[in-house]
Amino acid sequence: MPSSTEISTPSLGSALSAIKRITTTHVALLVLLYSITAIINTAMAQGGPPGITSPIVLPPFNADAPACTAPPDLRKVLAFAQDNERQFMQGVARGLAMAAKDRGLEYQVALANNDPKNMIEQVDLFQASRFGAVVAAPVDPPSLSHSLQKIIWAGGYVGTVVPPPATSLLNAPQYLTGKVLGDAAVAYIKDKLKGKAKVVLLTHDNLQFLAPRFVAMRDSLKDIPGVTIVADISPLTVDKEGGAAMMRTILLADPSVDVVLGADTVVLGALVALREAGKARADQFLGGIDGEPEAVAEIKKGGPYKTSVSLASPVFGYAMAQHAADWLEGKSIPQAMDILPKLLTSENMASYESDLANPDAVYRDPARRAAYLKMYGNICYDTRDRYINFPWSSERK
C-alpha cells in the first residue's frame with residue numbers, strides 16, 4: 001500500500017493545476033468583460049438615436065406648444081460653421097449675429113473655405129467645447145453628418161442650411177424656387193427674344209437637396225421649340241470664381257449665349273466671364289437664386305442681369321438664431337422651416353432691401369415674417385431624438 005507521502009503529492013499537484021486553470025480562465029473572462037465594457041462605452045459616447053430617417057410630412061408649427069427641459073451643462077454660445085464667403089452666406093452670418101446679440105448669446109464663426117476636413121474639425125471642436133448651438137452650411141453633408149449628430153446627442157441645437165441631420169432644418173421649396181426663375185426666363189425669351197435662345201444652366205446637381213430647382217428650370221424651358229440648352233453643368237465650386245471658370249470654358253465652345261440661370265454667386269461669375277470676352281449684351285437674360293446684394297446691384301443697373309429669386313438669408317439667419325436661443329431656454333421650436341422664394345422686381349426692390357437690412361423687424365412682425373418664412377413641426381430638448389435625418393422638403397406629399 002502506498003505511503004501517505006506518495007498519496008498526497010499527486011493530489012497537491014492536481015490542486016495547483018486546477019487553481020492555475022481557474023485563475024487563467026478568470027483573467028481571460030475579466031479581460032473579455034473589460035473589452036466588452038470599453039466597446040459599449042465607446043458606442044454610447046459616439047452613438048445615439050438615429051432621428052427620423054424615413055420621410056414624413058410635418059404638420060404646421062405650433063407656437064403654443066408647452067415648454068420642456070432646458071439642456072443642462074451647455075454653454076450659451078452660438079457658432080456658425082460657414083462653408084465659404086459668398087454673399088448669401090455672409091447674409092446668414094449677419095442675421096445670426098444680430099439675433100445672438102439680441103438674445104445674449106456669445107457668437108462665433110468658423111470659416112471652412114470649402115474644405116470638408118476643416119469643417120469637421122471645427123464642428124468637433126464646438127462639440128468638445130460644449131457649445132449650446134451650432135448652425136451649419138455643410139461643405140460635404142455626408143462627411144459632416146456624424147459630427148452634427150454628436151452635438152444633437154449631447155443636447156445641443158443644430159440648425160442646417162438644407163441638408164440633414166438637424167434639430168431644426170432650413171430649406172426652400174426647391175422646385176417652386178426653380179420654377180419661379182424658369183418661368184421668368186421663359187416669359188423674357190418669348191417677349192424679348194422672339195422665342196429663341198441659347199441657354200446655360202449652371203447647376204448644383206451634385207447636391208441632391210438642390211437638384212429639384214434645376215428640374216423645374218428644365219421643365220419650364222422644355223416646351224419652347226426655339227430654346228437650345230448649350231450647357232447644363234455644375235461648376236467645380238459654388239462661388240463666383242467657379243461660375244466664371246465654367247463660363248469661360250462654355251464660351252470657347254459656344255460664344256453666343258442668351259440666357260444664364262443658376263445660383264446668384266455662379267451667375268455673377270458667368271457675367272464676369274461674359275464681360276471679359278466682350279460677350280455681355282443688354283438684351284441677355286441672366287437670372288439667379290438667393291437675392292445676393294451684388295445681384296441686386298446688377299439688376300438695378302439695368303444690364304444683362306435681369307432678376308434674382310430671393311431666399312432672404314439675413315431673415316432666415318435671424319430666425320434660426322432666435323430658435324437656438326429658445327431651445328437653450330427649454331422652449332419648443334420648429335423641426336423645419338421654409339424660406340419662401342420671391343422674384344425681385346423694380347416694384348418690390350425697396351421693401352426687400354429694407355427687410356434685409358432689418359431682419360429683426362421682419363421677425364417681430366407676424367405678417368412680414370409670414371411673407372418670408374413658413375415653419376413646420378415641433379421639437380424641444382425632451383424630444384430631441386425626433387430630429388430630422390432625411391432630405392426634408394415641404395413639397396413632399
# chains A, B, ... in the order shown; residues from 1 in each chain; ligands from 1
$ closest_atom_pairs --of "segment 114-191 of chain A" --to "segment 313-328 of chain A" --cutoff "12 Å" --atoms "only C-alpha atoms" --output "CSV"
residue,atom,partner,partner_atom,distance
A:Phe131,CA,A:Leu328,CA,10.6
A:Gly132,CA,A:Leu328,CA,6.9
A:Ala133,CA,A:Ala324,CA,6.0
A:Val134,CA,A:Ala324,CA,8.1
A:Val135,CA,A:Met320,CA,7.9
A:Ala136,CA,A:Met320,CA,10.8
A:Ala137,CA,A:Gly317,CA,11.2
A:Ile152,CA,A:Trp327,CA,11.7
A:Gly155,CA,A:Leu328,CA,9.2
A:Gly156,CA,A:Leu328,CA,7.8
A:Tyr157,CA,A:Ala324,CA,6.0
A:Val158,CA,A:Ala324,CA,8.0
A:Gly159,CA,A:Met320,CA,6.9
A:Thr160,CA,A:Met320,CA,9.0
A:Val161,CA,A:Gly317,CA,9.3
A:Val162,CA,A:Phe316,CA,12.0
A:Ala166,CA,A:Met320,CA,11.7
A:Thr167,CA,A:Ala324,CA,9.6
A:Ser168,CA,A:Met320,CA,8.1
A:Leu169,CA,A:Met320,CA,9.1
A:Leu170,CA,A:Phe316,CA,8.0
A:Asn171,CA,A:Phe316,CA,9.8
A:Ala172,CA,A:Phe316,CA,10.6
$ residues_around --residues "Ser394 of chain A" --least-positions-apart "5" --cutoff "9 Å" --atoms "only C-alpha atoms" --output "list in words"
Val57, Leu58, Asn171, Ala172, Pro173, Ala336, Met337, Asp338 and Tyr376 of chain A
$ closest_residue --among "A:Ile388, A:Leu202, A:Leu78, A:Val123" --to "Leu261 of chain A" --atoms "only C-alpha atoms"
A:Leu202
$ select_by_dssp --residues "segment 88-139 of chain A" --states "alpha helix (DSSP H)" --output "number ranges by chain"
A: 88-102, 116-128
$ write_last_selection --atoms "C-alpha atoms" --output "PDB file, in the first residue's frame"
ATOM      1  CA  PHE A  88     -25.569  84.598 -49.443  1.00  0.00           C
ATOM      2  CA  MET A  89     -23.701  83.037 -46.526  1.00  0.00           C
ATOM      3  CA  GLN A  90     -22.497  86.406 -45.320  1.00  0.00           C
ATOM      4  CA  GLY A  91     -26.180  87.315 -45.090  1.00  0.00           C
ATOM      5  CA  VAL A  92     -26.849  84.217 -42.972  1.00  0.00           C
ATOM      6  CA  ALA A  93     -23.954  85.175 -40.693  1.00  0.00           C
ATOM      7  CA  ARG A  94     -25.252  88.732 -40.299  1.00  0.00           C
ATOM      8  CA  GLY A  95     -28.720  87.522 -39.320  1.00  0.00           C
ATOM      9  CA  LEU A  96     -27.294  85.024 -36.839  1.00  0.00           C
ATOM     10  CA  ALA A  97     -25.047  87.650 -35.260  1.00  0.00           C
ATOM     11  CA  MET A  98     -27.909  90.147 -34.850  1.00  0.00           C
ATOM     12  CA  ALA A  99     -30.208  87.652 -33.136  1.00  0.00           C
ATOM     13  CA  ALA A 100     -27.414  86.249 -30.961  1.00  0.00           C
ATOM     14  CA  LYS A 101     -26.725  89.754 -29.689  1.00  0.00           C
ATOM     15  CA  ASP A 102     -30.434  90.390 -29.102  1.00  0.00           C
ATOM     16  CA  PRO A 116     -14.775  69.421 -45.735  1.00  0.00           C
ATOM     17  CA  LYS A 117     -11.999  68.319 -43.379  1.00  0.00           C
ATOM     18  CA  ASN A 118     -11.699  71.812 -41.932  1.00  0.00           C
ATOM     19  CA  MET A 119     -15.431  71.909 -41.259  1.00  0.00           C
ATOM     20  CA  ILE A 120     -15.425  68.534 -39.498  1.00  0.00           C
ATOM     21  CA  GLU A 121     -12.571  69.638 -37.237  1.00  0.00           C
ATOM     22  CA  GLN A 122     -14.325  72.930 -36.477  1.00  0.00           C
ATOM     23  CA  VAL A 123     -17.651  71.294 -35.616  1.00  0.00           C
ATOM     24  CA  ASP A 124     -15.939  68.638 -33.480  1.00  0.00           C
ATOM     25  CA  LEU A 125     -14.249  71.470 -31.562  1.00  0.00           C
ATOM     26  CA  PHE A 126     -17.644  73.115 -30.995  1.00  0.00           C
ATOM     27  CA  GLN A 127     -18.926  69.845 -29.525  1.00  0.00           C
ATOM     28  CA  ALA A 128     -15.848  69.320 -27.348  1.00  0.00           C
TER      29      ALA A 128
END
$ closest_residue --among "A:Val200, A:Ile299, A:Ile250, A:Ile189" --to "Pro225 of chain A" --atoms "only C-alpha atoms"
A:Ile189
$ atom_distance --atom1 "atom CA of Lys76 of chain A" --atom2 "atom CA of Gly330 of chain A"
12.7 Å
$ residues_around --residues "Lys300 of chain A" --least-positions-apart "3" --cutoff "12 Å" --atoms "only C-alpha atoms" --output "mmCIF file with N, CA and C atoms, in the first residue's frame"
data_model
loop_
_atom_site.group_PDB
_atom_site.id
_atom_site.type_symbol
_atom_site.label_atom_id
_atom_site.label_comp_id
_atom_site.auth_asym_id
_atom_site.auth_seq_id
_atom_site.Cartn_x
_atom_site.Cartn_y
_atom_site.Cartn_z
ATOM 1 N N PRO A 293 -26.647 90.641 -52.631
ATOM 2 C CA PRO A 293 -26.532 92.090 -52.834
ATOM 3 C C PRO A 293 -25.911 92.482 -54.166
ATOM 4 N N GLU A 294 -24.866 91.772 -54.613
ATOM 5 C CA GLU A 294 -24.238 92.119 -55.889
ATOM 6 C C GLU A 294 -25.201 91.881 -57.050
ATOM 7 N N ALA A 295 -26.017 90.826 -56.946
ATOM 8 C CA ALA A 295 -27.022 90.573 -57.978
ATOM 9 C C ALA A 295 -28.065 91.691 -57.984
ATOM 10 N N VAL A 296 -28.482 92.107 -56.809
ATOM 11 C CA VAL A 296 -29.444 93.209 -56.705
ATOM 12 C C VAL A 296 -28.878 94.472 -57.338
ATOM 13 N N ALA A 297 -27.596 94.751 -57.080
ATOM 14 C CA ALA A 297 -26.961 95.936 -57.662
ATOM 15 C C ALA A 297 -26.918 95.843 -59.187
ATOM 16 N N GLY A 303 -28.504 96.122 -66.742
ATOM 17 C CA GLY A 303 -27.734 95.424 -67.778
ATOM 18 C C GLY A 303 -28.253 94.021 -68.035
ATOM 19 N N PRO A 304 -27.353 93.074 -68.306
ATOM 20 C CA PRO A 304 -27.769 91.705 -68.614
ATOM 21 C C PRO A 304 -28.461 90.990 -67.455
ATOM 22 N N TYR A 305 -28.098 91.363 -66.229
ATOM 23 C CA TYR A 305 -28.663 90.677 -65.061
ATOM 24 C C TYR A 305 -30.077 91.191 -64.834
ATOM 25 N N LYS A 306 -31.059 90.324 -65.107
ATOM 26 C CA LYS A 306 -32.442 90.792 -65.126
ATOM 27 C C LYS A 306 -33.207 90.543 -63.833
ATOM 28 N N THR A 307 -32.917 89.446 -63.121
ATOM 29 C CA THR A 307 -33.703 89.162 -61.925
ATOM 30 C C THR A 307 -32.978 88.191 -61.015
ATOM 31 N N SER A 308 -33.453 88.123 -59.771
ATOM 32 C CA SER A 308 -32.993 87.123 -58.812
ATOM 33 C C SER A 308 -34.194 86.677 -57.996
ATOM 34 N N LEU A 344 -37.515 89.184 -57.463
ATOM 35 C CA LEU A 344 -37.241 90.597 -57.232
ATOM 36 C C LEU A 344 -37.526 91.405 -58.492
ATOM 37 N N THR A 345 -38.247 92.475 -58.287
ATOM 38 C CA THR A 345 -38.603 93.386 -59.378
ATOM 39 C C THR A 345 -38.342 94.815 -58.928
ATOM 40 N N SER A 346 -38.428 95.743 -59.870
ATOM 41 C CA SER A 346 -38.246 97.150 -59.505
ATOM 42 C C SER A 346 -39.329 97.610 -58.531
ATOM 43 N N GLU A 347 -40.495 96.965 -58.591
ATOM 44 C CA GLU A 347 -41.600 97.372 -57.722
ATOM 45 C C GLU A 347 -41.387 96.945 -56.270
ATOM 46 N N ASN A 348 -40.761 95.790 -56.042
ATOM 47 C CA ASN A 348 -40.614 95.320 -54.650
ATOM 48 C C ASN A 348 -39.192 95.463 -54.114
ATOM 49 N N MET A 349 -38.284 96.030 -54.911
ATOM 50 C CA MET A 349 -36.875 96.072 -54.525
ATOM 51 C C MET A 349 -36.631 96.895 -53.255
ATOM 52 N N ALA A 350 -37.284 98.037 -53.130
ATOM 53 C CA ALA A 350 -37.031 98.916 -51.978
ATOM 54 C C ALA A 350 -37.462 98.243 -50.675
ATOM 55 N N GLU A 353 -34.988 95.363 -49.804
ATOM 56 C CA GLU A 353 -33.715 95.826 -49.238
ATOM 57 C C GLU A 353 -33.891 96.292 -47.803
#
$ atom_distance --atom1 "atom CA of Pro235 of chain A" --atom2 "atom CA of Val180 of chain A"
22.0 Å
$ residues_around --residues "Pro66 of chain A" --least-positions-apart "5" --cutoff "10 Å" --atoms "only C-alpha atoms" --output "PyMOL selection string"
chain A and resi 330-332+380
$ write_last_selection --atoms "C-alpha atoms" --output "tab-separated table (two decimals), in the first residue's frame"
chain	number	residue	atom	x	y	z
A	330	GLY	CA	-36.27	74.82	-22.97
A	331	LYS	CA	-38.85	76.08	-25.44
A	332	SER	CA	-40.38	74.16	-28.34
A	380	CYS	CA	-37.52	70.51	-27.86
